[in-house]
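Novice: My structure file protein_24.pdb, PDB, C-alpha atoms, pLDDT in the B column, is below:
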```pdb
ATOM      1  CA  MET C   3     -26.271   2.512  -3.506  1.00 59.00           C
ATOM      2  CA  ASN C   4     -28.857   3.840  -5.923  1.00 76.00           C
ATOM      3  CA  ILE C   5     -29.294   0.600  -7.862  1.00 84.00           C
ATOM      4  CA  MET C   6     -32.635  -0.601  -9.148  1.00 86.00           C
ATOM      5  CA  PRO C   7     -33.713  -4.199  -9.867  1.00 89.00           C
ATOM      6  CA  GLY C   8     -32.864  -5.043 -13.458  1.00 90.00           C
ATOM      7  CA  ASP C   9     -29.903  -2.643 -13.679  1.00 91.00           C
ATOM      8  CA  THR C  10     -26.942  -4.076 -15.576  1.00 92.00           C
ATOM      9  CA  ILE C  11     -23.806  -4.614 -13.477  1.00 94.00           C
ATOM     10  CA  VAL C  12     -20.584  -5.653 -15.221  1.00 94.00           C
ATOM     11  CA  VAL C  13     -18.370  -7.934 -13.120  1.00 95.00           C
ATOM     12  CA  ARG C  14     -14.758  -9.110 -13.147  1.00 95.00           C
ATOM     13  CA  HIS C  15     -13.699 -12.176 -11.150  1.00 95.00           C
ATOM     14  CA  TYR C  16     -10.338 -13.931 -11.271  1.00 94.00           C
ATOM     15  CA  SER C  17     -11.866 -17.324 -12.158  1.00 92.00           C
ATOM     16  CA  LEU C  18     -13.124 -16.025 -15.528  1.00 91.00           C
ATOM     17  CA  LEU C  19     -11.076 -14.754 -18.460  1.00 87.00           C
ATOM     18  CA  ASN C  20     -13.426 -11.909 -19.416  1.00 89.00           C
ATOM     19  CA  VAL C  21     -15.720  -9.484 -17.629  1.00 92.00           C
ATOM     20  CA  PHE C  22     -19.380 -10.466 -17.698  1.00 93.00           C
ATOM     21  CA  ARG C  23     -22.771  -8.811 -17.428  1.00 93.00           C
ATOM     22  CA  SER C  24     -25.199  -9.498 -14.589  1.00 94.00           C
ATOM     23  CA  ALA C  25     -28.557  -8.119 -13.511  1.00 94.00           C
ATOM     24  CA  ALA C  26     -29.217  -6.497 -10.141  1.00 94.00           C
ATOM     25  CA  ILE C  27     -31.889  -8.264  -8.096  1.00 95.00           C
ATOM     26  CA  GLU C  28     -31.850  -6.068  -5.015  1.00 91.00           C
ATOM     27  CA  SER C  29     -29.620  -3.832  -2.932  1.00 88.00           C
ATOM     28  CA  ALA C  30     -29.803  -4.071   0.851  1.00 81.00           C
ATOM     29  CA  ASP C  31     -27.590  -3.619   3.925  1.00 77.00           C
ATOM     30  CA  LYS C  32     -24.575  -2.420   1.926  1.00 85.00           C
ATOM     31  CA  SER C  33     -24.656  -5.573  -0.207  1.00 92.00           C
ATOM     32  CA  LEU C  34     -25.847  -6.258  -3.721  1.00 94.00           C
ATOM     33  CA  PHE C  35     -27.610  -9.349  -5.069  1.00 96.00           C
ATOM     34  CA  LEU C  36     -26.861 -10.217  -8.694  1.00 96.00           C
ATOM     35  CA  LYS C  37     -28.327 -12.692 -11.146  1.00 96.00           C
ATOM     36  CA  ILE C  38     -25.637 -14.213 -13.344  1.00 94.00           C
ATOM     37  CA  SER C  39     -26.089 -16.074 -16.609  1.00 90.00           C
ATOM     38  CA  ARG C  40     -25.717 -19.797 -17.155  1.00 86.00           C
ATOM     39  CA  GLU C  41     -22.349 -19.236 -18.883  1.00 86.00           C
ATOM     40  CA  GLN C  42     -20.856 -18.002 -15.594  1.00 87.00           C
ATOM     41  CA  SER C  43     -22.703 -20.388 -13.279  1.00 79.00           C
ATOM     42  CA  ASN C  44     -19.823 -22.903 -13.168  1.00 79.00           C
ATOM     43  CA  ALA C  45     -17.267 -20.309 -12.053  1.00 86.00           C
ATOM     44  CA  TYR C  46     -15.755 -20.556  -8.580  1.00 89.00           C
ATOM     45  CA  PHE C  47     -16.985 -17.735  -6.346  1.00 94.00           C
ATOM     46  CA  TYR C  48     -15.817 -18.009  -2.735  1.00 95.00           C
ATOM     47  CA  ALA C  49     -16.633 -15.802   0.240  1.00 94.00           C
ATOM     48  CA  GLY C  50     -14.002 -13.104   0.589  1.00 94.00           C
ATOM     49  CA  ASP C  51     -12.926 -13.174  -3.062  1.00 95.00           C
ATOM     50  CA  PRO C  52     -11.983  -9.802  -4.554  1.00 96.00           C
ATOM     51  CA  ILE C  53     -14.351  -8.697  -7.292  1.00 96.00           C
ATOM     52  CA  VAL C  54     -14.707  -5.654  -9.556  1.00 95.00           C
ATOM     53  CA  LEU C  55     -18.075  -4.064 -10.317  1.00 94.00           C
ATOM     54  CA  ALA C  56     -19.025  -1.532 -12.970  1.00 91.00           C
ATOM     55  CA  ILE C  57     -22.091   0.168 -11.509  1.00 85.00           C
ATOM     56  CA  PRO C  58     -24.363   2.632 -13.375  1.00 77.00           C
ATOM     57  CA  GLY C  59     -24.396   6.191 -12.053  1.00 72.00           C
ATOM     58  CA  SER C  60     -26.492   9.250 -12.791  1.00 63.00           C
ATOM     59  CA  GLU C  61     -23.983  10.589 -15.333  1.00 70.00           C
ATOM     60  CA  ASN C  62     -21.347   7.888 -15.820  1.00 78.00           C
ATOM     61  CA  ILE C  63     -20.255   4.399 -14.848  1.00 83.00           C
ATOM     62  CA  ARG C  64     -18.523   3.883 -11.504  1.00 87.00           C
ATOM     63  CA  ILE C  65     -15.943   1.106 -11.271  1.00 90.00           C
ATOM     64  CA  SER C  66     -15.648  -0.212  -7.730  1.00 91.00           C
ATOM     65  CA  GLY C  67     -13.845  -2.990  -5.955  1.00 94.00           C
ATOM     66  CA  GLY C  68     -15.684  -5.330  -3.649  1.00 94.00           C
ATOM     67  CA  ARG C  69     -15.873  -8.773  -2.085  1.00 94.00           C
ATOM     68  CA  VAL C  70     -17.959 -11.871  -2.640  1.00 96.00           C
ATOM     69  CA  LEU C  71     -20.249 -12.584   0.310  1.00 95.00           C
ATOM     70  CA  PHE C  72     -22.205 -15.630  -0.881  1.00 95.00           C
ATOM     71  CA  TYR C  73     -22.813 -17.606  -4.062  1.00 95.00           C
ATOM     72  CA  ASN C  74     -25.847 -19.803  -4.714  1.00 94.00           C
ATOM     73  CA  GLN C  75     -24.842 -21.859  -7.720  1.00 91.00           C
ATOM     74  CA  GLY C  76     -28.210 -23.590  -8.020  1.00 90.00           C
ATOM     75  CA  GLU C  77     -30.086 -20.294  -8.315  1.00 92.00           C
ATOM     76  CA  GLY C  78     -27.320 -18.443 -10.153  1.00 92.00           C
ATOM     77  CA  THR C  79     -27.300 -15.614  -7.616  1.00 95.00           C
ATOM     78  CA  LEU C  80     -24.242 -13.806  -6.295  1.00 96.00           C
ATOM     79  CA  GLN C  81     -24.180 -11.596  -3.187  1.00 96.00           C
ATOM     80  CA  VAL C  82     -21.373  -9.033  -3.176  1.00 96.00           C
ATOM     81  CA  GLN C  83     -20.295  -6.108  -1.024  1.00 94.00           C
ATOM     82  CA  PRO C  84     -19.004  -3.078  -2.948  1.00 93.00           C
ATOM     83  CA  ASP C  85     -16.127  -1.272  -1.258  1.00 90.00           C
ATOM     84  CA  ILE C  86     -16.862   1.938   0.600  1.00 79.00           C
ATOM     85  CA  ARG C  87     -13.794   4.128   0.382  1.00 66.00           C
ATOM     86  CA  LYS C  88     -12.772   5.682   3.680  1.00 57.00           C
ATOM     87  CA  VAL C  89     -10.470   8.540   2.791  1.00 50.00           C
ATOM     88  CA  GLU C  90      -9.082   8.875   6.301  1.00 45.00           C
ATOM     89  CA  ASN C  91      -7.902   5.242   6.198  1.00 51.00           C
ATOM     90  CA  ASP C  92      -6.515   5.350   2.642  1.00 54.00           C
ATOM     91  CA  VAL C  93      -2.788   5.709   3.121  1.00 55.00           C
ATOM     92  CA  ARG C  94      -1.702   4.905  -0.416  1.00 54.00           C
ATOM     93  CA  ARG C  95      -0.495   8.021  -2.233  1.00 60.00           C
ATOM     94  CA  TYR C  96      -1.690   6.997  -5.705  1.00 68.00           C
ATOM     95  CA  GLU C  97      -5.146   6.124  -7.013  1.00 79.00           C
ATOM     96  CA  ARG C  98      -5.975   2.447  -6.780  1.00 85.00           C
ATOM     97  CA  THR C  99      -7.500   0.495  -9.649  1.00 90.00           C
ATOM     98  CA  PRO C 100      -9.655  -2.403  -8.394  1.00 93.00           C
ATOM     99  CA  VAL C 101      -8.779  -5.746  -9.972  1.00 94.00           C
ATOM    100  CA  SER C 102      -9.437  -9.437  -9.417  1.00 95.00           C
ATOM    101  CA  HIS C 103      -6.556 -11.636 -10.582  1.00 95.00           C
ATOM    102  CA  TYR C 104      -4.491 -14.601  -9.547  1.00 95.00           C
ATOM    103  CA  ALA C 105      -0.816 -14.021  -8.806  1.00 97.00           C
ATOM    104  CA  ASP C 106       2.172 -16.094  -7.770  1.00 97.00           C
ATOM    105  CA  ILE C 107       4.655 -14.728  -5.257  1.00 97.00           C
ATOM    106  CA  ARG C 108       8.152 -16.003  -4.469  1.00 97.00           C
ATOM    107  CA  LEU C 109       9.648 -14.781  -1.204  1.00 97.00           C
ATOM    108  CA  SER C 110      13.163 -13.384  -1.558  1.00 96.00           C
ATOM    109  CA  ASP C 111      14.404 -14.635   1.826  1.00 94.00           C
ATOM    110  CA  THR C 112      13.073 -18.215   1.807  1.00 94.00           C
ATOM    111  CA  GLY C 113      12.294 -18.908  -1.855  1.00 95.00           C
ATOM    112  CA  LYS C 114       8.841 -20.178  -0.876  1.00 96.00           C
ATOM    113  CA  LYS C 115       6.077 -19.750  -3.441  1.00 97.00           C
ATOM    114  CA  TYR C 116       2.396 -19.022  -2.838  1.00 97.00           C
ATOM    115  CA  GLN C 117      -0.649 -18.398  -5.005  1.00 96.00           C
ATOM    116  CA  VAL C 118      -2.426 -15.214  -3.936  1.00 97.00           C
ATOM    117  CA  LEU C 119      -5.227 -12.928  -5.105  1.00 97.00           C
ATOM    118  CA  VAL C 120      -4.713  -9.329  -6.218  1.00 96.00           C
ATOM    119  CA  LYS C 121      -7.430  -6.900  -5.107  1.00 95.00           C
ATOM    120  CA  ASP C 122      -6.129  -3.586  -6.429  1.00 94.00           C
ATOM    121  CA  ILE C 123      -3.117  -1.987  -8.026  1.00 92.00           C
ATOM    122  CA  SER C 124      -1.691   1.487  -8.436  1.00 88.00           C
ATOM    123  CA  TYR C 125       1.426   2.773 -10.179  1.00 84.00           C
ATOM    124  CA  TYR C 126       3.450   2.140  -7.033  1.00 87.00           C
ATOM    125  CA  GLY C 127       1.544  -0.413  -4.986  1.00 91.00           C
ATOM    126  CA  VAL C 128      -0.432  -3.662  -4.927  1.00 94.00           C
ATOM    127  CA  MET C 129      -2.883  -5.167  -2.433  1.00 95.00           C
ATOM    128  CA  LEU C 130      -2.800  -8.942  -2.033  1.00 95.00           C
ATOM    129  CA  PHE C 131      -5.205 -11.352  -0.344  1.00 95.00           C
ATOM    130  CA  THR C 132      -3.548 -14.489   1.031  1.00 95.00           C
ATOM    131  CA  LYS C 133      -3.479 -16.835   4.010  1.00 91.00           C
ATOM    132  CA  ALA C 134       0.331 -16.896   3.900  1.00 92.00           C
ATOM    133  CA  ASP C 135       2.143 -15.364   6.878  1.00 93.00           C
ATOM    134  CA  LEU C 136       4.172 -12.383   5.617  1.00 96.00           C
ATOM    135  CA  TYR C 137       5.875  -9.575   7.529  1.00 96.00           C
ATOM    136  CA  ASN C 138       6.482  -5.872   6.952  1.00 96.00           C
ATOM    137  CA  GLY C 139       9.685  -5.336   5.003  1.00 96.00           C
ATOM    138  CA  GLN C 140       9.560  -8.762   3.361  1.00 97.00           C
ATOM    139  CA  GLN C 141      10.442  -8.612  -0.340  1.00 97.00           C
ATOM    140  CA  MET C 142       9.152 -10.871  -3.087  1.00 97.00           C
ATOM    141  CA  ASP C 143       8.835 -11.414  -6.817  1.00 96.00           C
ATOM    142  CA  VAL C 144       5.230 -11.141  -7.999  1.00 96.00           C
ATOM    143  CA  ASP C 145       3.745 -12.558 -11.214  1.00 95.00           C
ATOM    144  CA  VAL C 146       0.229 -11.216 -11.800  1.00 94.00           C
ATOM    145  CA  PHE C 147      -1.813 -13.292 -14.259  1.00 93.00           C
ATOM    146  CA  LEU C 148      -3.742 -10.794 -16.334  1.00 85.00           C
ATOM    147  CA  ASP C 149      -6.291 -11.693 -18.993  1.00 74.00           C
ATOM    148  CA  ARG C 150      -3.797 -12.987 -21.545  1.00 79.00           C
ATOM    149  CA  ASP C 151      -0.457 -11.895 -20.151  1.00 86.00           C
ATOM    150  CA  ILE C 152       1.761 -11.945 -17.060  1.00 91.00           C
ATOM    151  CA  MET C 153       2.968  -8.799 -15.303  1.00 90.00           C
ATOM    152  CA  SER C 154       6.146  -9.422 -13.298  1.00 91.00           C
ATOM    153  CA  LEU C 155       7.399  -7.070 -10.607  1.00 91.00           C
ATOM    154  CA  LYS C 156       9.345  -6.934  -7.361  1.00 94.00           C
ATOM    155  CA  ALA C 157       7.616  -5.626  -4.238  1.00 96.00           C
ATOM    156  CA  GLU C 158       7.913  -5.206  -0.488  1.00 97.00           C
ATOM    157  CA  VAL C 159       5.291  -5.604   2.255  1.00 97.00           C
ATOM    158  CA  VAL C 160       4.575  -2.260   3.927  1.00 96.00           C
ATOM    159  CA  ARG C 161       1.368  -3.000   5.864  1.00 94.00           C
ATOM    160  CA  ASN C 162      -1.108  -5.755   6.647  1.00 95.00           C
ATOM    161  CA  HIS C 163      -4.632  -6.167   7.955  1.00 92.00           C
ATOM    162  CA  GLN C 164      -6.334  -9.338   9.135  1.00 89.00           C
ATOM    163  CA  GLY C 165      -9.616  -9.726   7.264  1.00 82.00           C
ATOM    164  CA  ALA C 166     -12.457 -12.151   7.893  1.00 81.00           C
ATOM    165  CA  VAL C 167     -11.151 -14.675   5.338  1.00 85.00           C
ATOM    166  CA  HIS C 168      -7.720 -13.519   4.139  1.00 88.00           C
ATOM    167  CA  THR C 169      -4.921 -11.337   5.416  1.00 94.00           C
ATOM    168  CA  GLU C 170      -4.694  -8.191   3.296  1.00 94.00           C
ATOM    169  CA  TYR C 171      -1.141  -7.104   2.479  1.00 97.00           C
ATOM    170  CA  GLY C 172      -0.217  -3.728   1.043  1.00 95.00           C
ATOM    171  CA  LEU C 173       2.913  -3.957  -1.106  1.00 96.00           C
ATOM    172  CA  LYS C 174       5.187  -1.218  -2.404  1.00 94.00           C
ATOM    173  CA  ILE C 175       6.363  -1.895  -5.950  1.00 93.00           C
ATOM    174  CA  LEU C 176      10.130  -1.655  -6.259  1.00 91.00           C
ATOM    175  CA  HIS C 177      10.429  -0.150  -9.751  1.00 74.00           C
ATOM    176  CA  ARG C 178      13.305  -0.895 -12.052  1.00 65.00           C
ATOM    177  CA  GLY C 179      12.941   1.888 -14.605  1.00 67.00           C
ATOM    178  CA  PRO C 180       9.812   2.811 -16.590  1.00 78.00           C
ATOM    179  CA  LEU C 181       8.914  -0.707 -17.821  1.00 79.00           C
ATOM    180  CA  VAL C 182       6.641  -1.740 -14.926  1.00 79.00           C
ATOM    181  CA  PHE C 183       5.162   1.758 -14.636  1.00 80.00           C
ATOM    182  CA  ASN C 184       4.216   1.770 -18.344  1.00 85.00           C
ATOM    183  CA  TYR C 185       2.854  -1.768 -18.100  1.00 83.00           C
ATOM    184  CA  ILE C 186       0.545  -0.801 -15.246  1.00 85.00           C
ATOM    185  CA  GLN C 187      -0.523   2.361 -17.049  1.00 85.00           C
ATOM    186  CA  ASN C 188      -1.476   0.401 -20.176  1.00 88.00           C
ATOM    187  CA  TYR C 189      -3.258  -2.265 -18.153  1.00 86.00           C
ATOM    188  CA  VAL C 190      -5.374   0.290 -16.270  1.00 85.00           C
ATOM    189  CA  ARG C 191      -6.397   1.950 -19.547  1.00 86.00           C
ATOM    190  CA  LYS C 192      -7.311  -1.353 -21.239  1.00 88.00           C
ATOM    191  CA  SER C 193      -9.201  -2.583 -18.179  1.00 86.00           C
ATOM    192  CA  GLN C 194     -11.348   0.550 -18.060  1.00 84.00           C
ATOM    193  CA  GLU C 195     -12.034   0.265 -21.794  1.00 86.00           C
ATOM    194  CA  GLU C 196     -13.106  -3.359 -21.369  1.00 88.00           C
ATOM    195  CA  PHE C 197     -15.642  -2.405 -18.712  1.00 87.00           C
ATOM    196  CA  MET C 198     -17.008   0.435 -20.826  1.00 84.00           C
ATOM    197  CA  ASN C 199     -17.316  -1.781 -23.904  1.00 85.00           C
ATOM    198  CA  ALA C 200     -19.044  -4.570 -21.951  1.00 84.00           C
ATOM    199  CA  PHE C 201     -21.463  -2.065 -20.428  1.00 73.00           C
ATOM    200  CA  SER C 202     -22.418  -0.654 -23.829  1.00 73.00           C
ATOM    201  CA  ARG C 203     -23.106  -4.070 -25.405  1.00 69.00           C
ATOM    202  CA  LYS C 204     -26.734  -4.996 -25.801  1.00 60.00           C
TER     203      LYS C 204
END
```
Since I need it in another form, could you write the structure as structure tokens?
Specialist:
Amino acid sequence: MNIMPGDTIVVRHYSLLNVFRSAAIESADKSLFLKISREQSNAYFYAGDPIVLAIPGSENIRISGGRVLFYNQGEGTLQVQPDIRKVENDVRRYERTPVSHYADIRLSDTGKKYQVLVKDISYYGVMLFTKADLYNGQQMDVDVFLDRDIMSLKAEVVRNHQGAVHTEYGLKILHRGPLVFNYIQNYVRKSQEEFMNAFSRK
């Protein structure tokens, strides 16, 4: 990562309503150390949390997903690991948009409800982080809590991977007409605009 100390990094985390600006302290060993402001210092950052980073590039801004590694509340420093995309392991057919949101799921077969974290979304799929035990083929209703709205959809587990903190579940969205597709399309556009606007603020 070609990031210099003092560079502005815009961050989204599910515990905060809006994206926020931070300052890069250093970049080392595929991780990034950020200094966050006092306004964000009371947020809840836990190891393994999904996070979104808007990182300056040579010609434009790169929006990347990532994970929280460590948070020092006393010093106001946040260590994160930006995602490194491995094309050979990316089996989703459509481009993923990194996000960091709460969601509620209700399993179709048992009716059980769980609170989960959403790491990314595409027009036809969602990745969830949870400690719940799900299985491939299991269907569920998903309510994703966006900034000021709720996106509801039905989905099915198609793959899973055991991570260090959570199990990562890839879901296929079971579309019912164009409503969900259009909702996702509008959300992706507004999310990208929010990052760009936050990055341009002085």
Novice: I would like the residues chosen by the PyMOL selection byres ((chain C and resi 154) around 9) on the shown file; could you give them as a ChimeraX atom specification?
Specialist: /C:143-147,152-153,155-156,182
Novice: Could you give me, as a list of chain:residue names, the residues that have an atom at most 6 Å away from the point (-3.5, -12.4, 0.4) in the coordinates of the file, using all atoms listed in the file?
Specialist: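 Every residue inside that radius is included here: C:Val118, C:Leu119, C:Leu130, C:Phe131, C:Thr132, C:Lys133, C:His168, C:Thr169, C:Glu170.
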Novice: Measuring between all atoms listed in the file, which one of C:Gln164, C:Ser124, C:Gln81, C:Ser102 shows the shortest distance to Asn20 (chain C)?
Specialist: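 Among C:Gln164, C:Ser124, C:Gln81, C:Ser102, it is C:Ser102 that comes nearest to Asn20 (chain C).
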Novice: Compare C:Ser29, C:Ser24, C:Thr112, C:Asn188 by their minimum atom-to-atom distance to Gln83 (chain C), counting all atoms listed in the file, and give me the closest one.
Specialist: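 Of all the options, C:Ser29 lies closest to Gln83 (chain C).
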Novice: Name the residues that the PyMOL selection byres ((chain C and resi 103) around 9) pulls out of this structure, and write them as number ranges by chain.
Specialist: C: 14-17, 52-53, 101-102, 104-105, 118-121, 146-149
Novice: Nearest residue to Leu80 (chain C) out of C:Ala200, C:Ile11, C:Ile175, C:Ile123, using only C-alpha atoms?
Specialist: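 Once distances to Leu80 (chain C) are computed over only C-alpha atoms, the minimum belongs to C:Ile11.
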Novice: Work out how far CA of Leu109 (chain C) is from CA of Gly127 (chain C), in Å to one decimal.
Specialist: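 Separation between CA of Gly127 (chain C) and CA of Leu109 (chain C): 16.9 Å.
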Novice: Report the residues retrieved by the PyMOL selection byres ((chain C and resi 48) around 9) from the displayed file, expressed as JSON, numbers by chain.
Specialist: {"C": [46, 47, 49, 50, 51, 70, 71, 72, 73]}
Novice: The residues within 12 Å of (-31.4, -2.3, -2.1), using all atoms listed in the file and the coordinates of the file, should be reported as a ChimeraX atom specification; which are they?
Specialist: /C:3-9,26-36,81,83
Novice: For the selection just defined, write its residues with C-alpha atoms to a file, as a JSON list (two decimals), in the coordinates of the input.
Specialist:
```json
[["chain", "number", "residue", "atom", "x", "y", "z"],
["C", 3, "MET", "CA", -26.27, 2.51, -3.51],
["C", 4, "ASN", "CA", -28.86, 3.84, -5.92],
["C", 5, "ILE", "CA", -29.29, 0.60, -7.86],
["C", 6, "MET", "CA", -32.64, -0.60, -9.15],
["C", 7, "PRO", "CA", -33.71, -4.20, -9.87],
["C", 8, "GLY", "CA", -32.86, -5.04, -13.46],
["C", 9, "ASP", "CA", -29.90, -2.64, -13.68],
["C", 26, "ALA", "CA", -29.22, -6.50, -10.14],
["C", 27, "ILE", "CA", -31.89, -8.26, -8.10],
["C", 28, "GLU", "CA", -31.85, -6.07, -5.01],
["C", 29, "SER", "CA", -29.62, -3.83, -2.93],
["C", 30, "ALA", "CA", -29.80, -4.07, 0.85],
["C", 31, "ASP", "CA", -27.59, -3.62, 3.92],
["C", 32, "LYS", "CA", -24.58, -2.42, 1.93],
["C", 33, "SER", "CA", -24.66, -5.57, -0.21],
["C", 34, "LEU", "CA", -25.85, -6.26, -3.72],
["C", 35, "PHE", "CA", -27.61, -9.35, -5.07],
["C", 36, "LEU", "CA", -26.86, -10.22, -8.69],
["C", 81, "GLN", "CA", -24.18, -11.60, -3.19],
["C", 83, "GLN", "CA", -20.30, -6.11, -1.02]]
```
Novice: Taking all atoms listed in the file into account, name the residue in C:Ile63, C:Met198, C:Ala157, C:Ile57 that is nearest to Ser110 (chain C).
Specialist: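 Checking each of C:Ile63, C:Met198, C:Ala157, C:Ile57 against Ser110 (chain C), counting all atoms listed in the file, the winner is C:Ala157.
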Novice: Taking only C-alpha atoms into account, name the residue in C:Ala134, C:Val13, C:Leu19, C:Leu176 that is nearest to Leu55 (chain C).
Specialist: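 The closest residue to Leu55 (chain C) is C:Val13.
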Novice: As an exercise, work out the distance from CA of Val21 (chain C) to CA of Phe183 (chain C) in Å and give it to one decimal place.
Specialist: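 For CA of Val21 (chain C) relative to CA of Phe183 (chain C), the distance reads 23.9 Å.
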Novice: Draw an axis-aligned box tight on the listed atoms of region 108-122 of chain C, then pad every side by 5 Å and write out centre and edge lengths in Å to one decimal as JSON.
Specialist:
```
{"center_x": 3.5, "center_y": -11.9, "center_z": -2.3, "size_x": 31.8, "size_y": 26.6, "size_z": 18.3}
```
Novice: Work out how far apart CA of His163 (chain C) and CA of Val128 (chain C) are and give it in Å to one decimal.
Specialist: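 Taking CA of His163 (chain C) as the start and CA of Val128 (chain C) as the end point, the length is 13.8 Å.
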Novice: Given all atoms listed in the file as the basis, pick out the residue of C:Ile186, C:Val82, C:Val159, C:Met142 nearest to Gly113 (chain C).
Specialist: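 Closest residue, counting all atoms listed in the file: C:Met142.
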